[in-house]
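Student: data-v6.pdb is the file, holding PDB, C-alpha atoms, pLDDT in the B column:
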```
ATOM      1  CA  MET K  65       0.000   0.000   0.000  1.00 41.00           C
ATOM      2  CA  ILE K  66       2.805   2.430   0.846  1.00 45.00           C
ATOM      3  CA  SER K  67       4.467   1.835  -2.507  1.00 46.00           C
ATOM      4  CA  ILE K  68       1.169   2.476  -4.299  1.00 48.00           C
ATOM      5  CA  LEU K  69       0.610   5.756  -2.426  1.00 49.00           C
ATOM      6  CA  LYS K  70       4.174   6.784  -3.211  1.00 53.00           C
ATOM      7  CA  TYR K  71       3.604   6.127  -6.897  1.00 52.00           C
ATOM      8  CA  LEU K  72       0.329   8.019  -6.962  1.00 59.00           C
ATOM      9  CA  ASN K  73       1.967  11.111  -5.474  1.00 69.00           C
ATOM     10  CA  PRO K  74       2.587  13.429  -8.474  1.00 72.00           C
ATOM     11  CA  PHE K  75       5.038  15.508  -6.429  1.00 73.00           C
ATOM     12  CA  THR K  76       7.477  12.597  -6.021  1.00 70.00           C
ATOM     13  CA  PRO K  77      10.807  13.980  -7.357  1.00 64.00           C
ATOM     14  CA  VAL K  78      11.944  10.704  -8.909  1.00 61.00           C
ATOM     15  CA  LYS K  79       9.777   8.269 -10.845  1.00 62.00           C
ATOM     16  CA  PRO K  80       8.835   5.554  -8.322  1.00 58.00           C
ATOM     17  CA  LYS K  81       9.565   1.926  -8.970  1.00 63.00           C
ATOM     18  CA  ALA K  82       7.035  -0.612 -10.183  1.00 70.00           C
ATOM     19  CA  ILE K  83       3.897  -1.280  -8.153  1.00 72.00           C
ATOM     20  CA  TYR K  84       3.541  -4.878  -7.035  1.00 72.00           C
ATOM     21  CA  THR K  85       0.000  -6.203  -6.618  1.00 69.00           C
ATOM     22  CA  SER K  86      -1.674  -9.580  -6.150  1.00 73.00           C
ATOM     23  CA  TRP K  87      -2.326  -9.689  -9.898  1.00 76.00           C
ATOM     24  CA  GLY K  88       1.238  -8.849 -10.922  1.00 72.00           C
ATOM     25  CA  SER K  89       3.490  -5.809 -11.215  1.00 72.00           C
ATOM     26  CA  ILE K  90       2.613  -2.490 -12.843  1.00 73.00           C
ATOM     27  CA  ASP K  91       5.392  -0.368 -14.310  1.00 73.00           C
ATOM     28  CA  PRO K  92       3.851   2.399 -16.434  1.00 78.00           C
ATOM     29  CA  ALA K  93       6.004   5.115 -17.986  1.00 83.00           C
ATOM     30  CA  VAL K  94       3.638   7.882 -16.854  1.00 90.00           C
ATOM     31  CA  ASP K  95       1.897   8.891 -13.641  1.00 92.00           C
ATOM     32  CA  ILE K  96      -1.406   7.067 -13.286  1.00 90.00           C
ATOM     33  CA  PHE K  97      -2.857   9.514 -10.748  1.00 93.00           C
ATOM     34  CA  PRO K  98      -5.164  11.076 -13.413  1.00 96.00           C
ATOM     35  CA  VAL K  99      -6.725   7.657 -14.018  1.00 94.00           C
ATOM     36  CA  ILE K 100      -7.261   7.077 -10.282  1.00 93.00           C
ATOM     37  CA  TYR K 101      -8.669  10.592  -9.903  1.00 96.00           C
ATOM     38  CA  LEU K 102     -11.238  10.162 -12.697  1.00 97.00           C
ATOM     39  CA  LEU K 103     -12.256   6.744 -11.386  1.00 96.00           C
ATOM     40  CA  PHE K 104     -12.771   8.271  -7.938  1.00 96.00           C
ATOM     41  CA  ILE K 105     -14.847  11.174  -9.279  1.00 96.00           C
ATOM     42  CA  TYR K 106     -17.080   9.172 -11.617  1.00 96.00           C
ATOM     43  CA  GLY K 107     -17.111   5.914  -9.695  1.00 95.00           C
ATOM     44  CA  PHE K 108     -17.577   7.252  -6.155  1.00 94.00           C
ATOM     45  CA  ILE K 109     -18.389  10.974  -5.912  1.00 94.00           C
ATOM     46  CA  TYR K 110     -20.878  10.655  -8.794  1.00 93.00           C
ATOM     47  CA  ILE K 111     -23.099   8.268  -6.812  1.00 92.00           C
ATOM     48  CA  PHE K 112     -22.333   9.487  -3.276  1.00 90.00           C
ATOM     49  CA  PRO K 113     -25.693  10.173  -1.487  1.00 87.00           C
ATOM     50  CA  TYR K 114     -27.003  12.826   0.937  1.00 84.00           C
ATOM     51  CA  GLY K 115     -25.377  15.840  -0.712  1.00 81.00           C
ATOM     52  CA  ARG K 116     -28.628  17.788  -1.027  1.00 84.00           C
ATOM     53  CA  ASP K 117     -29.075  17.664   2.741  1.00 79.00           C
ATOM     54  CA  ILE K 118     -25.673  19.296   3.314  1.00 83.00           C
ATOM     55  CA  VAL K 119     -24.591  21.448   0.357  1.00 83.00           C
ATOM     56  CA  GLY K 120     -27.954  21.885  -1.366  1.00 87.00           C
ATOM     57  CA  MET K 121     -27.018  19.782  -4.394  1.00 91.00           C
ATOM     58  CA  SER K 122     -25.420  16.435  -5.164  1.00 92.00           C
ATOM     59  CA  TRP K 123     -21.813  16.056  -4.044  1.00 92.00           C
ATOM     60  CA  PHE K 124     -20.837  15.607  -7.690  1.00 94.00           C
ATOM     61  CA  ASP K 125     -22.453  18.898  -8.733  1.00 94.00           C
ATOM     62  CA  TRP K 126     -20.947  20.654  -5.714  1.00 93.00           C
ATOM     63  CA  PHE K 127     -17.445  19.478  -6.545  1.00 93.00           C
ATOM     64  CA  ARG K 128     -17.676  20.711 -10.144  1.00 92.00           C
ATOM     65  CA  SER K 129     -19.648  23.883  -9.436  1.00 90.00           C
ATOM     66  CA  GLU K 130     -18.425  27.433  -9.927  1.00 83.00           C
ATOM     67  CA  ASP K 131     -16.441  28.478  -6.858  1.00 86.00           C
ATOM     68  CA  GLY K 132     -16.516  24.859  -5.709  1.00 91.00           C
ATOM     69  CA  PRO K 133     -13.631  22.750  -4.333  1.00 94.00           C
ATOM     70  CA  LEU K 134     -12.226  21.793  -7.741  1.00 96.00           C
ATOM     71  CA  GLU K 135     -11.986  25.402  -8.864  1.00 94.00           C
ATOM     72  CA  TRP K 136     -10.080  26.357  -5.719  1.00 95.00           C
ATOM     73  CA  ILE K 137      -7.748  23.400  -6.216  1.00 96.00           C
ATOM     74  CA  GLN K 138      -7.049  24.797  -9.673  1.00 97.00           C
ATOM     75  CA  PHE K 139      -6.196  28.173  -8.188  1.00 96.00           C
ATOM     76  CA  ILE K 140      -3.813  26.584  -5.679  1.00 97.00           C
ATOM     77  CA  GLY K 141      -2.228  24.493  -8.444  1.00 97.00           C
ATOM     78  CA  TYR K 142      -1.559  27.449 -10.729  1.00 98.00           C
ATOM     79  CA  LEU K 143      -0.399  29.586  -7.808  1.00 97.00           C
ATOM     80  CA  THR K 144       2.072  26.822  -6.878  1.00 97.00           C
ATOM     81  CA  GLY K 145       3.235  26.694 -10.483  1.00 97.00           C
ATOM     82  CA  PHE K 146       3.711  30.472 -10.542  1.00 98.00           C
ATOM     83  CA  ILE K 147       5.733  30.523  -7.321  1.00 98.00           C
ATOM     84  CA  CYS K 148       7.946  27.582  -8.319  1.00 97.00           C
ATOM     85  CA  SER K 149       8.578  28.836 -11.842  1.00 97.00           C
ATOM     86  CA  SER K 150       9.385  32.305 -10.478  1.00 97.00           C
ATOM     87  CA  ILE K 151      11.994  30.725  -8.195  1.00 96.00           C
ATOM     88  CA  ILE K 152      13.471  28.887 -11.185  1.00 96.00           C
ATOM     89  CA  LEU K 153      13.720  32.156 -13.113  1.00 95.00           C
ATOM     90  CA  PHE K 154      15.468  33.780 -10.141  1.00 94.00           C
ATOM     91  CA  LYS K 155      17.919  30.897  -9.772  1.00 92.00           C
ATOM     92  CA  ARG K 156      18.815  31.040 -13.463  1.00 90.00           C
ATOM     93  CA  ARG K 157      19.073  34.822 -13.710  1.00 87.00           C
ATOM     94  CA  ARG K 158      22.872  34.743 -14.003  1.00 84.00           C
ATOM     95  CA  ILE K 159      22.827  32.350 -16.933  1.00 82.00           C
ATOM     96  CA  GLY K 160      21.305  35.007 -19.123  1.00 81.00           C
ATOM     97  CA  ILE K 161      18.316  35.084 -21.427  1.00 85.00           C
ATOM     98  CA  ASN K 162      18.082  31.987 -23.624  1.00 91.00           C
ATOM     99  CA  LYS K 163      15.362  29.697 -24.994  1.00 93.00           C
ATOM    100  CA  LYS K 164      15.014  27.784 -21.732  1.00 94.00           C
ATOM    101  CA  TRP K 165      14.743  30.968 -19.659  1.00 94.00           C
ATOM    102  CA  MET K 166      12.179  32.462 -22.037  1.00 95.00           C
ATOM    103  CA  ALA K 167      10.122  29.255 -21.919  1.00 96.00           C
ATOM    104  CA  TRP K 168      10.056  29.407 -18.122  1.00 97.00           C
ATOM    105  CA  LEU K 169       9.105  33.097 -18.282  1.00 97.00           C
ATOM    106  CA  ILE K 170       6.146  32.262 -20.525  1.00 97.00           C
ATOM    107  CA  LEU K 171       5.070  29.440 -18.198  1.00 97.00           C
ATOM    108  CA  THR K 172       5.371  31.782 -15.194  1.00 98.00           C
ATOM    109  CA  LEU K 173       3.166  34.412 -16.834  1.00 97.00           C
ATOM    110  CA  ILE K 174       0.606  31.789 -17.856  1.00 97.00           C
ATOM    111  CA  CYS K 175       0.404  30.416 -14.309  1.00 97.00           C
ATOM    112  CA  PHE K 176      -0.003  33.927 -12.888  1.00 97.00           C
ATOM    113  CA  PHE K 177      -2.713  34.820 -15.396  1.00 97.00           C
ATOM    114  CA  VAL K 178      -4.717  31.608 -14.994  1.00 96.00           C
ATOM    115  CA  ALA K 179      -4.452  31.704 -11.177  1.00 96.00           C
ATOM    116  CA  GLY K 180      -5.845  35.229 -11.237  1.00 94.00           C
ATOM    117  CA  GLU K 181      -8.607  34.241 -13.636  1.00 94.00           C
ATOM    118  CA  GLU K 182      -9.681  31.325 -11.426  1.00 92.00           C
ATOM    119  CA  ILE K 183     -10.638  33.700  -8.610  1.00 91.00           C
ATOM    120  CA  SER K 184     -11.723  36.520 -10.968  1.00 89.00           C
ATOM    121  CA  TRP K 185      -8.697  38.541  -9.838  1.00 90.00           C
ATOM    122  CA  GLY K 186      -9.810  38.550  -6.220  1.00 86.00           C
ATOM    123  CA  GLU K 187     -13.470  39.402  -6.861  1.00 87.00           C
ATOM    124  CA  ARG K 188     -14.618  36.085  -5.394  1.00 80.00           C
ATOM    125  CA  ILE K 189     -12.820  36.963  -2.170  1.00 84.00           C
ATOM    126  CA  THR K 190     -13.298  40.719  -1.883  1.00 86.00           C
ATOM    127  CA  GLY K 191     -16.391  41.264  -4.030  1.00 83.00           C
ATOM    128  CA  ILE K 192     -14.552  44.071  -5.828  1.00 85.00           C
ATOM    129  CA  GLY K 193     -14.559  43.960  -9.634  1.00 84.00           C
ATOM    130  CA  LEU K 194     -14.846  45.992 -12.818  1.00 86.00           C
ATOM    131  CA  ASP K 195     -18.349  46.729 -14.069  1.00 86.00           C
ATOM    132  CA  SER K 196     -17.054  47.260 -17.608  1.00 85.00           C
ATOM    133  CA  ILE K 197     -15.848  43.642 -17.759  1.00 87.00           C
ATOM    134  CA  ARG K 198     -18.828  42.244 -15.862  1.00 89.00           C
ATOM    135  CA  ALA K 199     -21.155  43.696 -18.502  1.00 87.00           C
ATOM    136  CA  ILE K 200     -19.582  41.619 -21.299  1.00 88.00           C
ATOM    137  CA  ASN K 201     -18.797  38.547 -19.179  1.00 87.00           C
ATOM    138  CA  SER K 202     -20.761  35.308 -19.534  1.00 84.00           C
ATOM    139  CA  GLN K 203     -20.809  34.849 -15.742  1.00 83.00           C
ATOM    140  CA  GLY K 204     -21.012  38.513 -14.747  1.00 86.00           C
ATOM    141  CA  GLU K 205     -17.499  38.432 -13.240  1.00 87.00           C
ATOM    142  CA  THR K 206     -14.224  40.230 -13.662  1.00 87.00           C
ATOM    143  CA  SER K 207     -12.459  37.593 -15.730  1.00 89.00           C
ATOM    144  CA  ILE K 208     -11.137  37.744 -19.264  1.00 90.00           C
ATOM    145  CA  HIS K 209     -11.617  34.100 -20.248  1.00 87.00           C
ATOM    146  CA  ASN K 210     -15.372  34.382 -19.671  1.00 86.00           C
ATOM    147  CA  ILE K 211     -15.829  37.442 -21.864  1.00 88.00           C
ATOM    148  CA  HIS K 212     -18.389  36.385 -24.471  1.00 84.00           C
ATOM    149  CA  PHE K 213     -16.002  36.288 -27.461  1.00 81.00           C
ATOM    150  CA  PHE K 214     -13.221  34.394 -25.671  1.00 84.00           C
ATOM    151  CA  HIS K 215     -15.617  32.066 -23.899  1.00 80.00           C
ATOM    152  CA  HIS K 216     -17.467  30.983 -27.036  1.00 79.00           C
ATOM    153  CA  TYR K 217     -14.681  30.945 -29.642  1.00 82.00           C
ATOM    154  CA  LEU K 218     -11.212  30.753 -28.072  1.00 87.00           C
ATOM    155  CA  LEU K 219     -11.453  29.022 -24.690  1.00 89.00           C
ATOM    156  CA  ASP K 220     -11.880  25.413 -25.816  1.00 91.00           C
ATOM    157  CA  PRO K 221      -9.286  25.537 -28.633  1.00 92.00           C
ATOM    158  CA  SER K 222      -6.783  27.126 -26.246  1.00 94.00           C
ATOM    159  CA  PHE K 223      -7.170  24.195 -23.842  1.00 94.00           C
ATOM    160  CA  GLU K 224      -6.894  21.636 -26.636  1.00 96.00           C
ATOM    161  CA  ILE K 225      -3.766  23.175 -28.197  1.00 96.00           C
ATOM    162  CA  SER K 226      -1.957  24.019 -24.956  1.00 96.00           C
ATOM    163  CA  CYS K 227      -2.601  20.554 -23.480  1.00 97.00           C
ATOM    164  CA  LEU K 228      -1.305  18.869 -26.639  1.00 97.00           C
ATOM    165  CA  PHE K 229       1.904  20.902 -26.326  1.00 96.00           C
ATOM    166  CA  LEU K 230       2.260  20.257 -22.594  1.00 97.00           C
ATOM    167  CA  GLY K 231       1.298  16.592 -22.742  1.00 97.00           C
ATOM    168  CA  TRP K 232       2.927  15.410 -25.957  1.00 97.00           C
ATOM    169  CA  ILE K 233       4.458  17.824 -28.494  1.00 97.00           C
ATOM    170  CA  GLY K 234       6.689  19.609 -25.984  1.00 97.00           C
ATOM    171  CA  TRP K 235       8.638  16.681 -24.574  1.00 96.00           C
ATOM    172  CA  ARG K 236       8.861  14.990 -27.977  1.00 96.00           C
ATOM    173  CA  ALA K 237       9.899  17.949 -30.117  1.00 96.00           C
ATOM    174  CA  TRP K 238      11.925  19.993 -27.612  1.00 95.00           C
ATOM    175  CA  PRO K 239      13.219  17.647 -24.880  1.00 94.00           C
ATOM    176  CA  SER K 240      16.045  20.066 -24.021  1.00 94.00           C
ATOM    177  CA  ILE K 241      13.578  22.795 -22.975  1.00 96.00           C
ATOM    178  CA  ASP K 242      12.743  21.702 -19.443  1.00 95.00           C
ATOM    179  CA  ALA K 243       9.864  24.167 -19.071  1.00 96.00           C
ATOM    180  CA  PHE K 244       7.809  21.593 -20.959  1.00 97.00           C
ATOM    181  CA  PRO K 245       6.571  18.839 -18.623  1.00 97.00           C
ATOM    182  CA  GLU K 246       8.257  15.485 -18.978  1.00 95.00           C
ATOM    183  CA  LYS K 247       6.572  12.445 -20.503  1.00 95.00           C
ATOM    184  CA  ARG K 248       5.722  11.375 -16.942  1.00 94.00           C
ATOM    185  CA  TYR K 249       3.008  14.037 -16.740  1.00 96.00           C
ATOM    186  CA  SER K 250       1.382  13.317 -20.118  1.00 97.00           C
ATOM    187  CA  LEU K 251      -1.972  12.108 -18.808  1.00 97.00           C
ATOM    188  CA  TYR K 252      -2.515  15.283 -16.778  1.00 98.00           C
ATOM    189  CA  PHE K 253      -2.849  17.184 -20.059  1.00 98.00           C
ATOM    190  CA  LEU K 254      -3.961  14.671 -22.681  1.00 98.00           C
ATOM    191  CA  PHE K 255      -7.143  13.805 -20.761  1.00 97.00           C
ATOM    192  CA  VAL K 256      -8.034  17.528 -20.757  1.00 97.00           C
ATOM    193  CA  ALA K 257      -7.393  17.865 -24.505  1.00 97.00           C
ATOM    194  CA  LEU K 258      -9.485  14.758 -25.171  1.00 96.00           C
ATOM    195  CA  PHE K 259     -12.392  16.019 -23.067  1.00 96.00           C
ATOM    196  CA  TYR K 260     -12.541  19.424 -24.770  1.00 95.00           C
ATOM    197  CA  PHE K 261     -12.207  17.855 -28.230  1.00 93.00           C
ATOM    198  CA  TYR K 262     -15.048  15.440 -27.514  1.00 92.00           C
ATOM    199  CA  PHE K 263     -17.133  18.221 -25.943  1.00 91.00           C
ATOM    200  CA  ASP K 264     -16.737  20.412 -29.039  1.00 89.00           C
ATOM    201  CA  ILE K 265     -17.489  17.526 -31.398  1.00 89.00           C
ATOM    202  CA  SER K 266     -20.687  16.838 -29.458  1.00 87.00           C
ATOM    203  CA  GLN K 267     -21.960  20.297 -30.373  1.00 79.00           C
ATOM    204  CA  ALA K 268     -22.092  19.249 -34.029  1.00 77.00           C
ATOM    205  CA  SER K 269     -23.659  15.859 -33.308  1.00 76.00           C
ATOM    206  CA  THR K 270     -27.257  14.866 -33.864  1.00 70.00           C
ATOM    207  CA  ILE K 271     -27.887  14.256 -30.149  1.00 72.00           C
ATOM    208  CA  SER K 272     -27.816  16.503 -27.114  1.00 73.00           C
ATOM    209  CA  GLN K 273     -24.436  17.970 -26.199  1.00 77.00           C
ATOM    210  CA  ILE K 274     -22.560  16.036 -23.506  1.00 81.00           C
ATOM    211  CA  ARG K 275     -22.504  17.438 -19.983  1.00 86.00           C
ATOM    212  CA  ASN K 276     -19.913  20.133 -19.367  1.00 88.00           C
ATOM    213  CA  ASP K 277     -17.576  18.656 -16.752  1.00 93.00           C
ATOM    214  CA  GLN K 278     -14.769  21.091 -17.526  1.00 93.00           C
ATOM    215  CA  GLU K 279     -13.878  21.771 -13.878  1.00 94.00           C
ATOM    216  CA  ILE K 280     -13.319  18.052 -13.278  1.00 96.00           C
ATOM    217  CA  PHE K 281     -10.792  17.811 -16.105  1.00 97.00           C
ATOM    218  CA  GLU K 282      -9.173  21.231 -15.720  1.00 96.00           C
ATOM    219  CA  VAL K 283      -8.006  20.211 -12.243  1.00 97.00           C
ATOM    220  CA  LEU K 284      -5.692  17.706 -13.906  1.00 98.00           C
ATOM    221  CA  MET K 285      -3.997  20.433 -15.928  1.00 98.00           C
ATOM    222  CA  SER K 286      -3.355  22.573 -12.848  1.00 98.00           C
ATOM    223  CA  LEU K 287      -2.006  19.590 -10.872  1.00 97.00           C
ATOM    224  CA  GLY K 288       0.222  18.592 -13.781  1.00 97.00           C
ATOM    225  CA  ILE K 289       1.753  22.063 -14.032  1.00 98.00           C
ATOM    226  CA  ALA K 290       2.128  22.362 -10.248  1.00 97.00           C
ATOM    227  CA  SER K 291       3.806  18.948  -9.983  1.00 96.00           C
ATOM    228  CA  HIS K 292       6.128  19.659 -12.892  1.00 97.00           C
ATOM    229  CA  CYS K 293       7.218  23.056 -11.515  1.00 97.00           C
ATOM    230  CA  TRP K 294       7.540  21.716  -7.950  1.00 96.00           C
ATOM    231  CA  ASN K 295       9.839  18.905  -9.037  1.00 94.00           C
ATOM    232  CA  LYS K 296      11.961  21.183 -11.220  1.00 95.00           C
ATOM    233  CA  VAL K 297      12.486  23.722  -8.453  1.00 93.00           C
ATOM    234  CA  SER K 298      13.325  20.891  -6.043  1.00 87.00           C
ATOM    235  CA  GLN K 299      16.151  19.656  -8.231  1.00 81.00           C
ATOM    236  CA  LYS K 300      19.631  20.755  -7.233  1.00 58.00           C
TER
END
```
Rewrite the structure from the file as structure tokens, please.

Tutor:
Amino acid sequence: MISILKYLNPFTPVKPKAIYTSWGSIDPAVDIFPVIYLLFIYGFIYIFPYGRDIVGMSWFDWFRSEDGPLEWIQFIGYLTGFICSSIILFKRRRIGINKKWMAWLILTLICFFVAGEEISWGERITGIGLDSIRAINSQGETSIHNIHFFHHYLLDPSFEISCLFLGWIGWRAWPSIDAFPEKRYSLYFLFVALFYFYFDISQASTISQIRNDQEIFEVLMSLGIASHCWNKVSQK
């Protein structure tokens, strides 16, 4: 059991050894935490009873709701990524500006931007926002990604493209640029790209569009980035 928990920890600096079970050994090349996470959400939380008596809705809907637990986990994940990548930039300041440093700078800015967007730049905490942005925002908040144009035309493609780069293209095409997550973290991003692709395809189908479980999948992206940055900053 201890070895399994060690393997499922995405913040483990070194890839753990094979997991030995009663049915044989498992030695995957990537972290399997995303698989366990999705099985837990859809196999346990999805059918967990009594939520309406406590949170006013099913536990599943509460977890994936706006301003729910999964959204705050995303904020913490991107904030962790921003802090760790900022430390990496500071440590490498004397090396000078090169491709690796610029890649980390871009990742740092992305983490900062997305972390801010997740909490509507503090509006969900303080209640203070910009009316000019609220007026053109799909959710009436101070966030750029929910502005009508971005929300309807750019948001899904941005997830699909960025997750393909982070989960596959990056480590295959530019293995020397360590700002791209290693192969180990592939599933944290490829599951997100697959969900958004399937969600968009469903809009053109002849049946009702599939349920929008974006918060459930977006958590994986934030955890993948946080784990990647944490492990890189932990390296000597």

Student: Enumerate, as number ranges by chain, the residues matched when the PyMOL selection byres ((chain K and resi 296) around 9) is run on the file above.

Tutor: K: 77, 148-149, 152, 242-243, 291-295, 297-300

Student: Evaluating the PyMOL selection byres ((chain K and resi 241) around 12) on the displayed file yields which residues, as a PyMOL selection string?

Tutor: chain K and resi 162-168+171+230+233-240+242-246+296

Student: Please return, as a PyMOL selection string, all polymer residues that have at least one atom within 8 Å of the point (-16.7, 22.3, -21.5); use only C-alpha atoms and the file's own coordinate frame.

Tutor: chain K and resi 220+259-260+263-264+275-278

Student: What does the PyMOL selection byres ((chain K and resi 138) around 10) select in this file, as a PDB file with C-alpha atoms, in the frame of the given file?

Tutor:
```pdb
ATOM      1  CA  PRO K 133     -13.631  22.750  -4.333  1.00 94.00           C
ATOM      2  CA  LEU K 134     -12.226  21.793  -7.741  1.00 96.00           C
ATOM      3  CA  GLU K 135     -11.986  25.402  -8.864  1.00 94.00           C
ATOM      4  CA  TRP K 136     -10.080  26.357  -5.719  1.00 95.00           C
ATOM      5  CA  ILE K 137      -7.748  23.400  -6.216  1.00 96.00           C
ATOM      6  CA  PHE K 139      -6.196  28.173  -8.188  1.00 96.00           C
ATOM      7  CA  ILE K 140      -3.813  26.584  -5.679  1.00 97.00           C
ATOM      8  CA  GLY K 141      -2.228  24.493  -8.444  1.00 97.00           C
ATOM      9  CA  TYR K 142      -1.559  27.449 -10.729  1.00 98.00           C
ATOM     10  CA  LEU K 143      -0.399  29.586  -7.808  1.00 97.00           C
ATOM     11  CA  THR K 144       2.072  26.822  -6.878  1.00 97.00           C
ATOM     12  CA  VAL K 178      -4.717  31.608 -14.994  1.00 96.00           C
ATOM     13  CA  ALA K 179      -4.452  31.704 -11.177  1.00 96.00           C
ATOM     14  CA  GLU K 182      -9.681  31.325 -11.426  1.00 92.00           C
ATOM     15  CA  ILE K 183     -10.638  33.700  -8.610  1.00 91.00           C
ATOM     16  CA  GLU K 279     -13.878  21.771 -13.878  1.00 94.00           C
ATOM     17  CA  ILE K 280     -13.319  18.052 -13.278  1.00 96.00           C
ATOM     18  CA  GLU K 282      -9.173  21.231 -15.720  1.00 96.00           C
ATOM     19  CA  VAL K 283      -8.006  20.211 -12.243  1.00 97.00           C
ATOM     20  CA  LEU K 284      -5.692  17.706 -13.906  1.00 98.00           C
ATOM     21  CA  MET K 285      -3.997  20.433 -15.928  1.00 98.00           C
ATOM     22  CA  SER K 286      -3.355  22.573 -12.848  1.00 98.00           C
ATOM     23  CA  LEU K 287      -2.006  19.590 -10.872  1.00 97.00           C
ATOM     24  CA  ALA K 290       2.128  22.362 -10.248  1.00 97.00           C
TER      25      ALA K 290
END
```

Student: For a test of reading the model, state the distance in Å between atom CA of K:Gly180 and atom CA of K:Ile147, rounded to one decimal.

Tutor: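 Rounded to one decimal, the two atoms are 13.1 Å apart.
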
Student: Given all atoms listed in the file as the basis, pick out the residue of K:Asp95, K:Asp125, K:Glu187, K:Glu130 nearest to K:Ile83.

Tutor: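 Residue with the minimum atom-to-atom distance to K:Ile83: K:Asp95.
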
Student: Of the residues K:Ser122, K:Gly288, K:Ser129, K:Ser196, which is the one nearest to K:Ile109, using all atoms listed in the file?

Tutor: K:Ser122

Student: Give me the residues near K:Glu224 as a PyMOL selection string, where near means some atom within 9 Å (using all atoms listed in the file) and where sequence neighbours in that chain fewer than 5 positions away do not count.

Tutor: chain K and resi 219+229+253-254+256-261

Student: Please produce an output containing C-alpha atoms for each residue in the selection, written as a PDB file, keeping the file's coordinate frame.

Tutor:
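Saved as selection_22.pdb:
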```
ATOM      1  CA  LEU K 219     -11.453  29.022 -24.690  1.00 89.00           C
ATOM      2  CA  PHE K 229       1.904  20.902 -26.326  1.00 96.00           C
ATOM      3  CA  PHE K 253      -2.849  17.184 -20.059  1.00 98.00           C
ATOM      4  CA  LEU K 254      -3.961  14.671 -22.681  1.00 98.00           C
ATOM      5  CA  VAL K 256      -8.034  17.528 -20.757  1.00 97.00           C
ATOM      6  CA  ALA K 257      -7.393  17.865 -24.505  1.00 97.00           C
ATOM      7  CA  LEU K 258      -9.485  14.758 -25.171  1.00 96.00           C
ATOM      8  CA  PHE K 259     -12.392  16.019 -23.067  1.00 96.00           C
ATOM      9  CA  TYR K 260     -12.541  19.424 -24.770  1.00 95.00           C
ATOM     10  CA  PHE K 261     -12.207  17.855 -28.230  1.00 93.00           C
TER      11      PHE K 261
END
```

Student: Atom CA of K:Leu228 to atom CA of K:Leu251: how many Å, to one decimal?

Tutor: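 Going from atom CA of K:Leu228 over to atom CA of K:Leu251 covers 10.4 Å.
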
Student: Applying 8 Å and all atoms listed in the file, which residues near K:Trp123 remain after dropping the ones on its own chain fewer than 6 positions away? List them as a ChimeraX atom specification.

Tutor: /K:109-110,112-116

Student: Find the distance between atom CA of K:Thr206 and atom CA of K:Gly193 and write it in Å to one decimal.

Tutor: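 Pair atom CA of K:Thr206 / atom CA of K:Gly193 returns 5.5 Å.
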
Student: Kindly indicate which residue among K:Ala199, K:Ala93, K:Ile208, K:Ile100 lies nearest to K:Trp185, using all atoms listed in the file for the distances.

Tutor: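 For K:Trp185, the nearest of the candidates is K:Ile208.
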
Student: For stretch 143-151 of chain K, where the input has fewer atoms than it should, I would like N, CA, C and O atoms rebuilt and written as a compact mmCIF listing (two decimals), in the coordinates of the input.

Tutor:
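Saved as out-v4.txt:
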```txt
# COMPACT_ATOMS: atom_id res chain seq x y z
N LEU K 143 -1.19 28.73 -8.69
CA LEU K 143 -0.40 29.59 -7.81
C LEU K 143 0.92 28.91 -7.44
O LEU K 143 1.98 29.55 -7.43
N THR K 144 0.85 27.59 -7.16
CA THR K 144 2.07 26.82 -6.88
C THR K 144 3.00 26.84 -8.08
O THR K 144 4.22 27.02 -7.95
N GLY K 145 2.44 26.65 -9.27
CA GLY K 145 3.24 26.69 -10.48
C GLY K 145 3.89 28.04 -10.68
O GLY K 145 5.06 28.13 -11.08
N PHE K 146 3.16 29.12 -10.40
CA PHE K 146 3.71 30.47 -10.54
C PHE K 146 4.86 30.70 -9.57
O PHE K 146 5.92 31.21 -9.96
N ILE K 147 4.68 30.32 -8.32
CA ILE K 147 5.73 30.52 -7.32
C ILE K 147 6.98 29.72 -7.67
O ILE K 147 8.11 30.25 -7.64
N CYS K 148 6.80 28.45 -8.01
CA CYS K 148 7.95 27.58 -8.32
C CYS K 148 8.67 28.04 -9.58
O CYS K 148 9.91 28.07 -9.62
N SER K 149 7.93 28.38 -10.61
CA SER K 149 8.58 28.84 -11.84
C SER K 149 9.26 30.18 -11.65
O SER K 149 10.30 30.45 -12.27
N SER K 150 8.72 31.03 -10.78
CA SER K 150 9.38 32.30 -10.48
C SER K 150 10.72 32.06 -9.78
O SER K 150 11.71 32.75 -10.05
N ILE K 151 10.75 31.08 -8.88
CA ILE K 151 11.99 30.72 -8.20
C ILE K 151 13.02 30.21 -9.20
O ILE K 151 14.22 30.54 -9.12
```
